[in-house]
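Input: a single structure, listed below in structure tokens.
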Amino acid sequence: MSTKAADVVVIGAGIVGAACAWEFAREGMSVTLIDSGAPGGGATAAGMGHVAVMDDSEPQFALTRYSQQLWREIVDELPDDCEYETCGTLWIAADDEELAEVRRKQQAYTRRGIDAEVLDAAALARAEPNLRSGLAGALRVPGDLVVFPPCVARWLIAGATECGAQVRLGTAAVEISDRGVRLADDSLLPAGAIINATGHGAERLTPGLSLQPRKGHLAITDRYPGFIHHELIELGYLKSAAAVGTDSAAMNVQPRITGQMLIGSSRQTGQESTDVDMAILGRMLRRAMEYLPALARVSTIRTWTGFRAATADKLPLIGRCSSGQRSSQGRLYLATGHEGLGITMAPGTARLLVDAVMGRESAIPPEPYLPARLEKGDSA
Ligand SMILES: Cc1cc2nc3c(=O)[nH]c(=O)nc-3n(C[C@H](O)[C@H](O)[C@H](O)COP(=O)(O)OP(=O)(O)OC[C@H]3O[C@@H](n4cnc5c(N)ncnc54)[C@H](O)[C@@H]3O)c2cc1C
């Protein structure tokens, strides 16, 4: 018996695949979403859920801002378990050199219409009394928000199914070809378009993407309501996120709506084990305590790891894939490589892909994210 072709088969039900399934289904397209495991169980379950506008590069800024605007369109509809909160971000400057960078960032944000203010040392101490004394100041970005990503992924999938999407869980995709997507149970899903949204594992289905898995650790505390009020990130986090090939740990502490705190974050390359590495975890927690000494009296109740999918130029791969083109007859699209910003960028990624598949103009230029910029050639 032959299966009727779906307009779109989305492989991977993390936050990115879920957002894609939702957007395509809302456009009235027939969608099949597949995942080898549970929805939102990959990096999406490991992430912090910070939805932040970032300005490492113009394309990063464009996609994070666009995506945050799209997040704002849905947050009021999110159920309570999605733990949405607008706590804003404080980028902490430890010294005068970092404060100069805070001032530069403030101008860059406000010039492009993002609310951002510089806090001096006294204002920072008033805003966050648990921070150590002697810090130089901070950049406050009040519009940044926080969600609980796995629940949002499930909510998006429920929305997609309400629009008619089919969801198949527990079976891996093993091959993408001109006939469609072949699953581990040997069934074949023919498709008009195929979206590879399998996160850091995307290369298994589409070889040649040069994705680097970057391992991260997180810890969550017991409930301490009011301990901190903003997502607190040391400015050095940006250097740590940009450094490739070296292990790093930077202070990034997030208040949850439950009163808990999520403590991050570390980056390691060349790691395959999902085990918690006590050495880097210890380094990460000590770094957080350097900024928030009272964390030493706080109970940590769980630690875990996850993998970010990193690209060479620190931008995601969104759009038609040319390296798998011959074998998939031009129907293969990628939605991966978001590194530490996949939660933030998921809604914008989904819109860019819907526009690409439907041949529509996008709200932001799609070119900086097109996979062709990094592909090694048509290997398939
Ligand atoms: C420690 C840490 C902190 C982070 N903090 C943040 C943050 O604060 N803000 C932010 O924006 N981002 C953050 N991120 C990044 C973010 O979590 C990821 O970018 C995002 O979750 C990627 O989502 P995804 O859907 O692409 O991948 P995943 O969530 O990994 O989903 C991929 C899915 O594909 C499925 N799959 C894989 N292979 C197959 C196959 N062959 N067949 C079928 N299914 C398959 C998997 O089961 C999985 O469900 C963080 C990441 C880490 C590790």
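Residue numbers start at 1 in each chain; chains themselves are named A, B, ... in the order of the structure tokens; ligands are numbered from 1 in the order shown.
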
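On the backbone of this structure, DSSP gives alpha helix (DSSP H) within segment 262-291 of chain A to Met278, Ala279, Ile280, Leu281, Gly282, Arg283, Met284, Leu285, Arg286, Arg287, Ala288, Met289, Glu290 and Tyr291 of chain A.
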
Would you write out those residues with C-alpha atoms, as a PDB file, in the first residue's frame?
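The new file part_34.pdb reads:
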ATOM      1  CA  MET A 278      32.535  16.824  37.700  1.00  0.00           C
ATOM      2  CA  ALA A 279      35.603  18.923  36.850  1.00  0.00           C
ATOM      3  CA  ILE A 280      33.842  21.287  34.436  1.00  0.00           C
ATOM      4  CA  LEU A 281      30.664  21.274  36.536  1.00  0.00           C
ATOM      5  CA  GLY A 282      32.710  22.336  39.569  1.00  0.00           C
ATOM      6  CA  ARG A 283      34.410  25.055  37.532  1.00  0.00           C
ATOM      7  CA  MET A 284      31.032  26.333  36.339  1.00  0.00           C
ATOM      8  CA  LEU A 285      29.540  26.407  39.844  1.00  0.00           C
ATOM      9  CA  ARG A 286      32.620  28.122  41.314  1.00  0.00           C
ATOM     10  CA  ARG A 287      32.382  30.759  38.605  1.00  0.00           C
ATOM     11  CA  ALA A 288      28.740  31.399  39.476  1.00  0.00           C
ATOM     12  CA  MET A 289      29.672  31.690  43.179  1.00  0.00           C
ATOM     13  CA  GLU A 290      32.374  34.250  42.352  1.00  0.00           C
ATOM     14  CA  TYR A 291      29.559  36.529  41.180  1.00  0.00           C
TER      15      TYR A 291
END

Protein and nucleic residues near ligand 1, 6 Å, only C-alpha atoms and all ligand atoms, as a PyMOL selection string:
chain A and resi 11-17+34-37+39-44+46-51+172-174+197-199+201+216-218+306-308+336+338-344

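The coordinates place atom CA of Ala136 of chain A at 8.0 Å from atom CA of Glu98 of chain A.
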
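The residue that comes closest to Ile301 of chain A, out of A:Met261, A:Ile364, A:Val147, A:Ala21 and on the basis of only C-alpha atoms, is A:Met261.
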
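Taking only segment 14-122 of chain A, the residues that DSSP calls strand (DSSP E) from the backbone come to Val31, Thr32, Leu33, Ile34, Asp35, His50, Val51, Thr89, Leu90, Trp91, Ile92, Ala93, Glu117, Val118, Leu119 and Asp120 of chain A.
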
Would you mind exporting C-alpha atoms of the selected residues as a CSV table (one decimal), in the first residue's frame?
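Written out: result-v3.csv:
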chain,number,residue,atom,x,y,z
A,31,VAL,CA,2.6,17.8,7.7
A,32,THR,CA,4.2,14.7,9.2
A,33,LEU,CA,6.5,15.2,12.2
A,34,ILE,CA,8.7,12.3,13.2
A,35,ASP,CA,11.1,11.8,16.1
A,50,HIS,CA,16.5,32.2,27.6
A,51,VAL,CA,15.1,34.1,24.7
A,89,THR,CA,18.9,40.2,31.1
A,90,LEU,CA,21.7,41.8,33.0
A,91,TRP,CA,25.0,41.6,31.2
A,92,ILE,CA,27.4,42.0,34.1
A,93,ALA,CA,30.6,44.1,33.7
A,117,GLU,CA,20.1,50.8,29.7
A,118,VAL,CA,23.5,51.0,31.5
A,119,LEU,CA,23.5,50.4,35.2
A,120,ASP,CA,26.4,51.8,37.2

Tell me, in Å to one decimal, how far atom CA of Arg154 of chain A is from atom CA of Val181 of chain A.
22.7 Å

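Of note, atom CA of Ala350 of chain A and atom CA of Arg373 of chain A are spaced 19.4 Å apart.
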
Show me, as a tab-separated table, the residues of segment 118-202 of chain A having an atom within 10 Å of segment 313-320 of chain A, each with the closest atom pair and its distance in Å, using only C-alpha atoms.
residue	atom	partner	partner_atom	distance
A:Ala193	CA	A:Arg320	CA	9.6
A:Ile194	CA	A:Arg320	CA	9.5
A:Ile195	CA	A:Gly319	CA	8.9
A:Asn196	CA	A:Ile318	CA	9.8
A:Ala197	CA	A:Ile318	CA	9.6

Residues within 8 Å of Ala5 of chain A, please, as a PDB file with C-alpha atoms, in the first residue's frame. Count only C-alpha atoms; anything in the same chain fewer than 2 positions from it doesn't count.
ATOM      1  CA  THR A   3       1.461   6.261   1.589  1.00  0.00           C
ATOM      2  CA  ASP A   7       3.482  18.369   1.722  1.00  0.00           C
ATOM      3  CA  LEU A 189       7.249   8.702   3.956  1.00  0.00           C
ATOM      4  CA  PRO A 190       7.047  10.471   0.592  1.00  0.00           C
ATOM      5  CA  ALA A 191       7.143  14.251   0.872  1.00  0.00           C
ATOM      6  CA  GLY A 192       6.999  17.433  -1.131  1.00  0.00           C
TER       7      GLY A 192
END
